[in-house]
$ cat data_9.txt   # compact mmCIF, C-alpha atoms and all ligand atoms
# COMPACT_ATOMS: atom_id res chain seq x y z
CA MET A 1 61.74 84.93 124.55
CA ASN A 2 64.58 87.42 124.25
CA THR A 3 64.20 88.38 127.89
CA GLN A 4 64.71 84.72 128.80
CA ARG A 5 67.78 84.58 126.53
CA MET A 6 69.24 87.64 128.19
CA ARG A 7 68.53 86.12 131.61
CA ASP A 8 70.24 82.85 130.56
CA ILE A 9 73.27 84.84 129.39
CA LEU A 10 73.49 86.75 132.67
CA GLU A 11 73.24 83.53 134.68
CA LYS A 12 75.97 81.94 132.55
CA ILE A 13 78.21 84.97 133.09
CA LYS A 14 77.72 84.59 136.85
CA GLU A 15 78.93 80.97 136.66
CA TYR A 16 82.39 81.85 135.30
CA ASP A 17 85.43 83.48 136.93
CA ARG A 18 87.05 84.12 133.56
CA ILE A 19 85.32 85.65 130.56
CA VAL A 20 86.85 86.46 127.18
CA ILE A 21 85.01 88.80 124.82
CA PHE A 22 85.47 88.59 121.04
CA ARG A 23 84.28 90.55 118.00
CA HIS A 24 84.60 90.48 114.22
CA LYS A 25 87.68 91.11 112.09
CA ARG A 26 88.20 94.58 110.61
CA PRO A 27 86.28 96.07 113.53
CA ASP A 28 84.05 99.11 113.25
CA GLY A 29 82.59 101.40 115.91
CA ASP A 30 79.89 98.91 116.81
CA ALA A 31 82.21 95.92 117.18
CA VAL A 32 84.63 97.87 119.37
CA GLY A 33 81.98 99.84 121.29
CA SER A 34 79.85 96.80 122.10
CA THR A 35 82.74 94.65 123.30
CA LYS A 36 84.46 97.38 125.30
CA GLY A 37 81.09 98.44 126.71
CA LEU A 38 80.18 94.91 127.76
CA GLN A 39 83.64 94.37 129.22
CA ARG A 40 83.40 97.55 131.29
CA ILE A 41 79.87 96.80 132.54
CA LEU A 42 80.92 93.31 133.62
CA GLN A 43 84.16 94.55 135.22
CA LEU A 44 82.25 97.15 137.23
CA THR A 45 79.64 94.61 138.29
CA TYR A 46 81.96 91.68 139.00
CA PRO A 47 85.35 93.13 140.05
CA GLU A 48 86.45 89.69 141.26
CA LYS A 49 86.14 88.15 137.78
CA GLU A 50 88.78 88.24 135.05
CA ILE A 51 87.13 89.80 131.99
CA LEU A 52 89.29 90.30 128.94
CA LEU A 53 88.94 91.54 125.38
CA LEU A 54 91.22 89.42 123.21
CA ASN A 55 91.26 90.08 119.48
CA CYS A 56 93.81 89.91 116.69
CA ASP A 57 93.25 93.04 114.60
CA TYR A 58 92.41 96.62 115.45
CA SER A 59 90.77 99.72 114.02
CA ASP A 60 92.50 103.07 113.66
CA TYR A 61 89.16 104.78 113.24
CA VAL A 62 87.96 104.02 116.75
CA ALA A 63 91.39 103.74 118.36
CA PHE A 64 90.45 106.77 120.47
CA LEU A 65 88.27 104.42 122.55
CA GLY A 66 91.44 102.87 123.94
CA LYS A 67 93.40 99.65 123.85
CA GLU A 68 92.25 96.07 124.23
CA ASP A 69 93.99 93.38 126.30
CA GLU A 70 97.32 91.68 125.59
CA PRO A 71 97.30 88.22 123.93
CA ARG A 72 97.14 85.14 126.18
CA ASP A 73 98.32 81.59 125.58
CA ASP A 74 96.00 78.75 124.66
CA ALA A 75 95.65 77.39 128.19
CA PHE A 76 94.08 80.67 129.28
CA TYR A 77 91.01 80.18 127.13
CA LYS A 78 90.24 76.65 128.25
CA THR A 79 88.55 77.62 131.50
CA ALA A 80 86.89 80.72 130.06
CA LEU A 81 83.40 81.60 128.95
CA GLY A 82 83.67 83.19 125.49
CA ILE A 83 81.22 85.91 124.43
CA VAL A 84 81.24 86.81 120.75
CA VAL A 85 79.51 90.08 119.94
CA ASP A 86 78.46 91.56 116.57
CA THR A 87 79.73 88.61 114.50
CA ALA A 88 77.38 86.56 112.30
CA THR A 89 79.70 83.70 111.40
CA THR A 90 82.60 82.01 113.16
CA ASP A 91 84.98 82.61 110.22
CA ARG A 92 84.66 86.36 110.86
CA ILE A 93 85.70 86.17 114.52
CA SER A 94 88.92 88.15 114.89
CA ASN A 95 90.58 85.70 117.28
CA PRO A 96 90.48 82.02 116.22
CA LYS A 97 91.16 80.99 119.82
CA TYR A 98 87.49 81.57 120.61
CA ALA A 99 87.17 77.85 119.74
CA LEU A 100 89.19 76.89 122.82
CA CYS A 101 86.71 78.39 125.26
CA LYS A 102 84.80 76.05 127.52
CA GLU A 103 81.47 77.55 126.48
CA LEU A 104 80.49 80.21 123.98
CA ILE A 105 77.76 82.85 123.79
CA LYS A 106 76.73 84.69 120.63
CA ILE A 107 75.18 88.17 120.81
CA ASP A 108 74.47 89.64 117.38
CA HIS A 109 72.22 91.76 115.19
CA HIS A 110 73.28 90.53 111.73
CA ILE A 111 71.17 88.29 109.51
CA GLU A 112 71.74 84.86 111.00
CA LYS A 113 73.65 82.68 108.54
CA GLU A 114 75.26 80.43 111.12
CA HIS A 115 73.94 79.35 114.47
CA TYR A 116 76.84 78.94 116.88
CA GLY A 117 77.50 79.00 120.60
CA ASN A 118 75.96 77.21 123.56
CA LEU A 119 73.71 80.22 124.08
CA SER A 120 72.70 82.60 121.35
CA TRP A 121 70.80 85.91 121.40
CA VAL A 122 70.28 87.28 117.91
CA GLU A 123 67.94 90.15 117.05
CA GLU A 124 68.32 91.06 113.39
CA GLU A 125 66.11 94.11 113.64
CA ARG A 126 68.31 95.87 116.20
CA SER A 127 70.20 98.87 114.77
CA SER A 128 73.48 97.83 116.41
CA ALA A 129 75.06 95.29 118.72
CA CYS A 130 75.61 98.24 121.03
CA GLU A 131 71.84 98.71 121.18
CA MET A 132 71.66 95.10 122.42
CA ILE A 133 74.29 95.78 125.09
CA ALA A 134 72.34 98.88 126.15
CA LYS A 135 69.19 96.74 126.30
CA PHE A 136 71.01 94.07 128.31
CA TYR A 137 72.14 96.69 130.80
CA TYR A 138 68.66 98.24 130.96
CA GLU A 139 66.97 94.88 131.48
CA PHE A 140 69.18 94.07 134.47
CA ARG A 141 69.86 97.62 135.66
CA ASN A 142 69.17 96.57 139.25
CA GLU A 143 71.96 93.98 139.07
CA LEU A 144 74.49 95.52 136.65
CA GLN A 145 76.77 98.54 137.07
CA ILE A 146 77.51 101.10 134.39
CA ASP A 147 79.55 104.32 134.32
CA LEU A 148 80.24 107.14 131.88
CA GLU A 149 83.10 105.25 130.24
CA ALA A 150 80.94 102.20 129.49
CA ALA A 151 78.06 104.40 128.35
CA THR A 152 80.38 106.22 125.93
CA TYR A 153 81.61 102.96 124.36
CA VAL A 154 78.06 101.74 123.86
CA TYR A 155 76.75 105.06 122.59
CA THR A 156 79.60 105.24 120.06
CA GLY A 157 78.52 102.03 118.33
CA MET A 158 74.87 103.06 118.42
CA VAL A 159 75.75 106.29 116.61
CA THR A 160 78.08 104.76 114.01
CA ASP A 161 76.05 101.67 113.10
CA SER A 162 72.81 103.59 112.74
CA GLY A 163 74.31 106.30 110.50
CA ARG A 164 73.76 108.80 113.31
CA PHE A 165 70.26 107.41 114.00
CA ARG A 166 69.17 107.70 110.37
CA PHE A 167 68.84 104.10 109.18
CA ARG A 168 65.50 102.34 109.11
CA SER A 169 66.63 99.91 111.79
CA VAL A 170 66.37 102.78 114.27
CA SER A 171 63.28 102.32 116.45
CA GLY A 172 61.72 104.19 119.33
CA GLU A 173 63.56 101.84 121.64
CA THR A 174 66.89 102.70 119.97
CA LEU A 175 66.35 106.33 120.84
CA ARG A 176 65.10 105.57 124.35
CA LEU A 177 68.19 103.48 125.08
CA ALA A 178 70.45 106.12 123.50
CA GLY A 179 68.68 108.71 125.66
CA MET A 180 69.37 106.66 128.77
CA LEU A 181 73.08 106.63 127.89
CA LEU A 182 73.18 110.34 126.99
CA ASP A 183 71.69 111.17 130.37
CA MET A 184 74.78 109.64 131.95
CA GLY A 185 76.72 112.67 130.69
CA ILE A 186 78.36 111.62 127.42
CA ASP A 187 80.59 114.35 125.97
CA THR A 188 79.12 114.40 122.47
CA ASP A 189 81.32 117.31 121.31
CA HIS A 190 84.43 115.22 121.82
CA LEU A 191 82.88 112.01 120.62
CA TYR A 192 81.67 113.49 117.31
CA ALA A 193 84.97 115.30 116.81
CA ASN A 194 86.78 111.97 117.19
CA LEU A 195 84.36 110.23 114.85
CA TYR A 196 83.81 112.76 112.13
CA LEU A 197 86.74 115.16 111.76
CA ASP A 198 89.02 114.33 108.87
CA ASN A 199 92.71 114.97 108.42
CA PHE A 200 93.45 117.20 105.46
CA ASP A 201 94.75 114.27 103.36
CA MET A 202 91.30 112.69 103.61
CA ILE A 203 89.74 115.88 102.25
CA GLU A 204 92.20 115.76 99.33
CA PHE A 205 91.30 112.11 98.80
CA LYS A 206 87.61 113.00 98.84
CA GLY A 207 88.16 115.69 96.21
CA LYS A 208 89.97 113.23 93.96
CA ILE A 209 87.62 110.36 94.57
CA LEU A 210 84.38 112.29 93.99
CA ARG A 211 85.45 112.77 90.35
CA ARG A 212 85.94 109.03 89.98
CA ILE A 213 82.46 107.94 90.96
CA LYS A 214 80.87 106.02 88.09
CA ARG A 215 77.33 104.78 87.50
CA THR A 216 76.07 101.68 85.77
CA GLN A 217 73.19 101.89 83.30
CA SER A 218 70.57 101.34 86.00
CA GLY A 219 72.23 103.82 88.34
CA VAL A 220 74.44 101.76 90.65
CA ALA A 221 77.12 104.20 91.86
CA TYR A 222 80.57 102.75 92.38
CA LEU A 223 84.17 103.56 93.07
CA TYR A 224 87.29 101.51 92.60
CA VAL A 225 90.26 102.42 94.79
CA SER A 226 93.41 100.63 93.66
CA ARG A 227 96.42 99.90 95.81
CA SER A 228 98.49 102.38 93.80
CA MET A 229 95.98 105.16 94.40
CA ARG A 230 95.99 104.43 98.11
CA LYS A 231 99.79 104.38 98.17
CA LYS A 232 99.97 107.70 96.32
CA LEU A 233 97.70 109.31 98.90
CA GLY A 234 99.18 107.43 101.84
CA LEU A 235 95.85 105.90 102.85
CA SER A 236 95.21 102.60 104.57
CA ALA A 237 92.52 100.30 103.20
CA GLU A 238 90.38 101.22 106.21
CA GLN A 239 90.65 104.95 105.43
CA ALA A 240 89.94 104.42 101.73
CA GLY A 241 86.91 102.33 102.68
CA MET A 242 85.29 105.46 104.10
CA ALA A 243 84.69 106.50 100.49
CA VAL A 244 81.56 104.38 100.40
CA SER A 245 79.74 107.08 102.33
CA TYR A 246 80.56 109.70 99.66
CA MET A 247 78.00 108.04 97.38
CA ASP A 248 75.10 107.83 99.83
CA SER A 249 73.09 110.79 98.58
CA ILE A 250 72.86 110.43 94.81
CA ARG A 251 69.27 110.53 93.63
CA GLY A 252 68.43 107.39 91.67
CA SER A 253 71.54 105.53 92.84
CA LEU A 254 69.79 103.26 95.30
CA ILE A 255 72.78 100.94 95.42
CA TRP A 256 76.35 102.11 95.82
CA LEU A 257 79.54 100.10 96.08
CA ALA A 258 83.13 100.82 97.03
CA PHE A 259 85.80 98.40 95.82
CA ILE A 260 88.96 98.73 97.88
CA GLU A 261 92.10 96.84 96.91
CA SER A 262 93.73 95.37 100.00
CA ASP A 263 97.47 95.04 100.50
CA ASP A 264 97.18 91.30 99.78
CA GLY A 265 95.60 91.96 96.38
CA THR A 266 92.04 90.88 97.25
CA VAL A 267 89.33 93.45 96.77
CA ARG A 268 87.05 94.32 99.64
CA VAL A 269 83.58 95.38 98.59
CA ARG A 270 81.42 97.62 100.75
CA LEU A 271 77.80 97.46 99.59
CA ARG A 272 75.20 100.02 100.64
CA SER A 273 71.64 100.72 99.56
CA ARG A 274 68.36 102.37 100.37
CA PHE A 275 65.03 100.56 99.78
CA VAL A 276 66.73 97.63 97.96
CA THR A 277 68.24 94.65 99.81
CA VAL A 278 71.92 94.02 99.01
CA SER A 279 72.87 91.39 101.60
CA GLU A 280 71.84 88.54 99.29
CA LEU A 281 74.06 89.95 96.56
CA ALA A 282 76.94 90.13 99.08
CA GLU A 283 76.33 86.49 100.00
CA ILE A 284 76.97 85.40 96.40
CA TYR A 285 80.45 86.95 96.75
CA SER A 286 81.50 85.31 100.04
CA GLY A 287 80.00 88.06 102.14
CA GLY A 288 76.91 89.06 104.06
CA GLY A 289 75.68 91.64 106.52
CA HIS A 290 72.48 93.62 106.74
CA ALA A 291 69.78 94.34 104.17
CA CYS A 292 71.14 97.80 103.36
CA ALA A 293 74.80 97.55 104.51
CA ALA A 294 76.82 94.52 103.59
CA GLY A 295 80.35 93.49 102.77
CA ALA A 296 82.02 90.99 100.44
CA THR A 297 85.38 90.05 98.99
CA VAL A 298 86.30 89.47 95.33
CA HIS A 299 89.53 88.11 93.94
CA SER A 300 89.78 89.30 90.33
CA GLN A 301 88.70 92.06 87.97
CA ARG A 302 86.37 89.52 86.37
CA GLU A 303 84.58 89.13 89.67
CA VAL A 304 84.44 92.92 90.07
CA ARG A 305 82.68 93.18 86.71
CA ALA A 306 80.37 90.28 87.53
CA LEU A 307 79.35 91.86 90.83
CA LEU A 308 78.68 95.16 89.08
CA ARG A 309 76.53 93.40 86.50
CA ASP A 310 74.57 91.62 89.23
CA ALA A 311 74.09 94.87 91.15
CA ASP A 312 72.94 96.59 87.98
CA SER A 313 70.36 93.84 87.28
CA LEU A 314 69.15 93.98 90.88
CA LEU A 315 68.59 97.73 90.65
CA ARG A 316 67.00 97.51 87.19
CA GLU A 317 64.54 94.91 88.49
CA TYR A 318 63.81 96.95 91.59
CA LYS A 319 63.12 100.13 89.66
CA ALA A 320 60.90 98.27 87.21
CA THR A 321 58.75 96.80 89.96
CA HIS A 322 58.56 99.67 92.46
CA GLU A 323 57.40 103.25 92.16
CA ASP A 324 58.25 104.97 95.38
CA TRP A 325 62.02 105.00 95.16
CA LEU A 326 64.26 108.05 95.11
P1 LIG A 401 81.36 97.00 106.03
O1 LIG A 401 81.18 97.46 104.65
O2 LIG A 401 82.62 96.22 106.23
O3 LIG A 401 81.14 98.07 107.03
O4 LIG A 401 80.22 95.91 106.32
C1 LIG A 401 78.87 96.22 106.38
C2 LIG A 401 78.16 95.16 107.20
O5 LIG A 401 78.33 93.89 106.56
C3 LIG A 401 78.73 95.01 108.60
O6 LIG A 401 77.67 94.78 109.48
C4 LIG A 401 79.65 93.84 108.51
O7 LIG A 401 79.74 93.16 109.73
C5 LIG A 401 79.01 92.99 107.41
N1 LIG A 401 80.05 92.32 106.61
C6 LIG A 401 81.11 92.90 106.03
N2 LIG A 401 81.87 92.00 105.36
C7 LIG A 401 81.27 90.80 105.55
C8 LIG A 401 81.56 89.46 105.13
N3 LIG A 401 82.61 89.17 104.38
N4 LIG A 401 80.70 88.49 105.52
C9 LIG A 401 79.62 88.77 106.28
N5 LIG A 401 79.29 90.01 106.70
C10 LIG A 401 80.08 91.01 106.35

$ encode --input "data_9.txt" --output "C-alpha cells"
Amino acid sequence: MNTQRMRDILEKIKEYDRIVIFRHKRPDGDAVGSTKGLQRILQLTYPEKEILLLNCDYSDYVAFLGKEDEPRDDAFYKTALGIVVDTATTDRISNPKYALCKELIKIDHHIEKEHYGNLSWVEEERSSACEMIAKFYYEFRNELQIDLEAATYVYTGMVTDSGRFRFRSVSGETLRLAGMLLDMGIDTDHLYANLYLDNFDMIEFKGKILRRIKRTQSGVAYLYVSRSMRKKLGLSAEQAGMAVSYMDSIRGSLIWLAFIESDDGTVRVRLRSRFVTVSELAEIYSGGGHACAAGATVHSQREVRALLRDADSLLREYKATHEDWL
C-alpha cells in the first residue's frame, strides 16, 4: 500500500513544472533535513523543474545546512504542486500560502490527527520524515538522483529525530537506509560537531539549569525557563528548549517536561518520556506529536500547574500498573 502511495507521489511530481516544499513551524533537524533533502533529490533528477523551499520561520540550530528560498508572491503558488513534509496538521505548516497550491501532498511520520492533501503518505512508525525521504529515494533509486549534499541533509534528520538512533522507533530498515546514506561519504565528524558542540554560554546555562530541575511526587522531572532567565543568559527560546534533553537520564523520571517562556508570553512545553505515552497529554494542551516526544503550548501559570498535575497522575498510574519500568 505504501509502495503504491510513493509511486502515486512520484507520478504527481512528474506532472508538475513547479513544486513548492513546506514543513512545520519552529523547524528541527528532521523538518529541515527532509525538505532540503527532498528538494535536492528532485532538483538533481528534474533540472528543468522549478523546485522551491518556501517557509516563514527558520532554525538557528540547523542553520549550518544552508538557506532556503526567498519568498514568492501569491500568484506563484497557484500553478504549483505543494509537498508538506513532517507536519501532522495544517495549522503547524510554517507557510500559510500552502493553501494556494493547485494540489497538495502530505508526507509525515507523526500520529495522524488531520488528514489533508490530495495525496497522503503517513507512516507513524517511521523514526523520522527523513527516513521516509531515504525510503522514497531507495524505492525509486533507478529513477531518482542523489548526491552527497542531499544524503547529508537526509542523514541529519535521521540522526536528530531518532536521538542518534536510540529511540524505539528505530528499526532495522532505519539503520539500513542510514547505512546507504553513510556509504555516500557523509562527513560525520563535521556533522556531529555542528549538531552537538555547545558554545560556552550554553554550558553555563546547563550548569545553572541542572540545579533547577524539580520532580513531582510521582517522579515527573521538569524545568521552567522564564523569559527573564533567558534574557539574563542571552538565550533564544530555541536554545533554552534544548534543556529538555538534560532530564532524559533520571532513573524513575519516566516523563520529563521543559516549560519555555516565549517572547510573546506563551509557554512552550516540550514533553518527553520513556515507556509511557505522552502525546495524548500534549493533545489536551493544544499540542501533539509522537508517543514519547510531543509538544504543547500553555497560556498561564494555572495551565502549567494543571499540566504538571496531569503528568504526575499519568506517571503514578503507569507505575502502579507496570513493573518493568526504570
Ligand atoms: P518538540 O518538543 O517541539 O521537539 O516536539 C516534539 C514532537 O512533537 C515533534 O515531532 C513536533 O513536531 C511535535 N509537536 C511539537 N509541538 C506540537 C504541537 N503544538 N502540535 C502538534 N505536534 C507538536

$ residues_near_ligand --input "data_9.txt" --ligand "ligand LIG 401 (chain A)" --cutoff "6 Å" --atoms "only C-alpha atoms and all ligand atoms" --output "list in words"
Arg270, Ser286, Gly287, Gly288, Gly289, His290, Ala293, Ala294, Gly295 and Ala296 of chain A

$ residues_around --input "data_9.txt" --residues "segment 247-258 of chain A" --least-positions-apart "5" --cutoff "7 Å" --atoms "only C-alpha atoms" --output "number ranges by chain"
A: 219-224, 241, 269-274, 276, 326

$ residues_near_point --input "data_9.txt" --point "(86.9, 96.6, 118.8)" --cutoff "9 Å" --atoms "all atoms listed in the file" --output "PDB file with C-alpha atoms, keeping the file's coordinate frame"
ATOM      1  CA  PHE A  22      85.470  88.590 121.040  1.00  0.00           C
ATOM      2  CA  ARG A  23      84.280  90.550 118.000  1.00  0.00           C
ATOM      3  CA  HIS A  24      84.600  90.480 114.220  1.00  0.00           C
ATOM      4  CA  LYS A  25      87.680  91.110 112.090  1.00  0.00           C
ATOM      5  CA  ARG A  26      88.200  94.580 110.610  1.00  0.00           C
ATOM      6  CA  PRO A  27      86.280  96.070 113.530  1.00  0.00           C
ATOM      7  CA  ASP A  28      84.050  99.110 113.250  1.00  0.00           C
ATOM      8  CA  GLY A  29      82.590 101.400 115.910  1.00  0.00           C
ATOM      9  CA  ASP A  30      79.890  98.910 116.810  1.00  0.00           C
ATOM     10  CA  ALA A  31      82.210  95.920 117.180  1.00  0.00           C
ATOM     11  CA  VAL A  32      84.630  97.870 119.370  1.00  0.00           C
ATOM     12  CA  GLY A  33      81.980  99.840 121.290  1.00  0.00           C
ATOM     13  CA  SER A  34      79.850  96.800 122.100  1.00  0.00           C
ATOM     14  CA  THR A  35      82.740  94.650 123.300  1.00  0.00           C
ATOM     15  CA  LYS A  36      84.460  97.380 125.300  1.00  0.00           C
ATOM     16  CA  LEU A  53      88.940  91.540 125.380  1.00  0.00           C
ATOM     17  CA  ASN A  55      91.260  90.080 119.480  1.00  0.00           C
ATOM     18  CA  ASP A  57      93.250  93.040 114.600  1.00  0.00           C
ATOM     19  CA  TYR A  58      92.410  96.620 115.450  1.00  0.00           C
ATOM     20  CA  SER A  59      90.770  99.720 114.020  1.00  0.00           C
ATOM     21  CA  VAL A  62      87.960 104.020 116.750  1.00  0.00           C
ATOM     22  CA  ALA A  63      91.390 103.740 118.360  1.00  0.00           C
ATOM     23  CA  LEU A  65      88.270 104.420 122.550  1.00  0.00           C
ATOM     24  CA  LYS A  67      93.400  99.650 123.850  1.00  0.00           C
ATOM     25  CA  GLU A  68      92.250  96.070 124.230  1.00  0.00           C
TER      26      GLU A  68
END

$ residues_around --input "data_9.txt" --residues "Leu144 of chain A" --least-positions-apart "3" --cutoff "12 Å" --atoms "only C-alpha atoms" --output "short mmCIF file (atom, residue, chain, number, x, y, z; two decimals) with C-alpha atoms, in the frame of the given file"
data_model
loop_
_atom_site.label_atom_id
_atom_site.label_comp_id
_atom_site.auth_asym_id
_atom_site.auth_seq_id
_atom_site.Cartn_x
_atom_site.Cartn_y
_atom_site.Cartn_z
CA LEU A 10 73.49 86.75 132.67
CA ILE A 13 78.21 84.97 133.09
CA LYS A 14 77.72 84.59 136.85
CA LEU A 38 80.18 94.91 127.76
CA GLN A 39 83.64 94.37 129.22
CA ARG A 40 83.40 97.55 131.29
CA ILE A 41 79.87 96.80 132.54
CA LEU A 42 80.92 93.31 133.62
CA GLN A 43 84.16 94.55 135.22
CA LEU A 44 82.25 97.15 137.23
CA THR A 45 79.64 94.61 138.29
CA TYR A 46 81.96 91.68 139.00
CA PRO A 47 85.35 93.13 140.05
CA ILE A 133 74.29 95.78 125.09
CA ALA A 134 72.34 98.88 126.15
CA LYS A 135 69.19 96.74 126.30
CA PHE A 136 71.01 94.07 128.31
CA TYR A 137 72.14 96.69 130.80
CA TYR A 138 68.66 98.24 130.96
CA GLU A 139 66.97 94.88 131.48
CA PHE A 140 69.18 94.07 134.47
CA ARG A 141 69.86 97.62 135.66
CA ASP A 147 79.55 104.32 134.32
CA ALA A 150 80.94 102.20 129.49
#

$ residues_around --input "data_9.txt" --residues "Met202 of chain A" --least-positions-apart "6" --cutoff "9 Å" --atoms "all atoms listed in the file" --output "PyMOL selection string"
chain A and resi 233+235+239-240

$ atom_distance --input "data_9.txt" --atom1 "atom CA of Arg18 of chain A" --atom2 "atom CA of Thr79 of chain A"
7.0 Å

$ atom_distance --input "data_9.txt" --atom1 "atom CA of Ser279 of chain A" --atom2 "atom CA of Asp91 of chain A"
17.3 Å

$ residues_around --input "data_9.txt" --residues "segment 163-178 of chain A" --least-positions-apart "5" --cutoff "7 Å" --atoms "all atoms listed in the file" --output "PyMOL selection string"
chain A and resi 125-127+131+134-135+155

$ residues_around --input "data_9.txt" --residues "segment 107-113 of chain A" --least-positions-apart "2" --cutoff "8 Å" --atoms "all atoms listed in the file" --output "list of chain:residue names"
A:Ile83, A:Val84, A:Val85, A:Asp86, A:Thr87, A:Ala88, A:Thr89, A:Ile105, A:His115, A:Ser120, A:Trp121, A:Val122, A:Glu123, A:Glu124, A:Glu125, A:Arg126, A:Ser127, A:Ser128, A:Ala129, A:Met132, A:Gly288, A:Gly289, A:His290

$ write_last_selection --input "data_9.txt" --atoms "C-alpha atoms" --output "PDB file, in the coordinates of the input"
ATOM      1  CA  ILE A  83      81.220  85.910 124.430  1.00  0.00           C
ATOM      2  CA  VAL A  84      81.240  86.810 120.750  1.00  0.00           C
ATOM      3  CA  VAL A  85      79.510  90.080 119.940  1.00  0.00           C
ATOM      4  CA  ASP A  86      78.460  91.560 116.570  1.00  0.00           C
ATOM      5  CA  THR A  87      79.730  88.610 114.500  1.00  0.00           C
ATOM      6  CA  ALA A  88      77.380  86.560 112.300  1.00  0.00           C
ATOM      7  CA  THR A  89      79.700  83.700 111.400  1.00  0.00           C
ATOM      8  CA  ILE A 105      77.760  82.850 123.790  1.00  0.00           C
ATOM      9  CA  HIS A 115      73.940  79.350 114.470  1.00  0.00           C
ATOM     10  CA  SER A 120      72.700  82.600 121.350  1.00  0.00           C
ATOM     11  CA  TRP A 121      70.800  85.910 121.400  1.00  0.00           C
ATOM     12  CA  VAL A 122      70.280  87.280 117.910  1.00  0.00           C
ATOM     13  CA  GLU A 123      67.940  90.150 117.050  1.00  0.00           C
ATOM     14  CA  GLU A 124      68.320  91.060 113.390  1.00  0.00           C
ATOM     15  CA  GLU A 125      66.110  94.110 113.640  1.00  0.00           C
ATOM     16  CA  ARG A 126      68.310  95.870 116.200  1.00  0.00           C
ATOM     17  CA  SER A 127      70.200  98.870 114.770  1.00  0.00           C
ATOM     18  CA  SER A 128      73.480  97.830 116.410  1.00  0.00           C
ATOM     19  CA  ALA A 129      75.060  95.290 118.720  1.00  0.00           C
ATOM     20  CA  MET A 132      71.660  95.100 122.420  1.00  0.00           C
ATOM     21  CA  GLY A 288      76.910  89.060 104.060  1.00  0.00           C
ATOM     22  CA  GLY A 289      75.680  91.640 106.520  1.00  0.00           C
ATOM     23  CA  HIS A 290      72.480  93.620 106.740  1.00  0.00           C
TER      24      HIS A 290
END

$ atom_distance --input "data_9.txt" --atom1 "atom CA of Glu204 of chain A" --atom2 "atom CA of Ser162 of chain A"
26.5 Å

$ closest_residue --input "data_9.txt" --among "A:Ile146, A:Tyr98, A:Glu283, A:Phe64" --to "Leu191 of chain A" --atoms "only C-alpha atoms"
A:Phe64

$ closest_residue --input "data_9.txt" --among "A:Gln217, A:Gln301, A:Asn95, A:Thr266" --to "Asp74 of chain A" --atoms "all atoms listed in the file"
A:Asn95

$ closest_residue --input "data_9.txt" --among "A:Asp17, A:Glu238, A:Asp161, A:Glu149" --to "Leu182 of chain A" --atoms "all atoms listed in the file"
A:Glu149

$ closest_residue --input "data_9.txt" --among "A:Pro96, A:Gly82, A:Gly66, A:Pro71" --to "Val20 of chain A" --atoms "only C-alpha atoms"
A:Gly82

$ closest_residue --input "data_9.txt" --among "A:Lys214, A:Ala99, A:Ile186, A:Glu11" --to "Glu143 of chain A" --atoms "only C-alpha atoms"
A:Glu11

$ closest_residue --input "data_9.txt" --among "A:Leu315, A:Leu181, A:Ile21, A:Met242" --to "Leu54 of chain A" --atoms "only C-alpha atoms"
A:Ile21
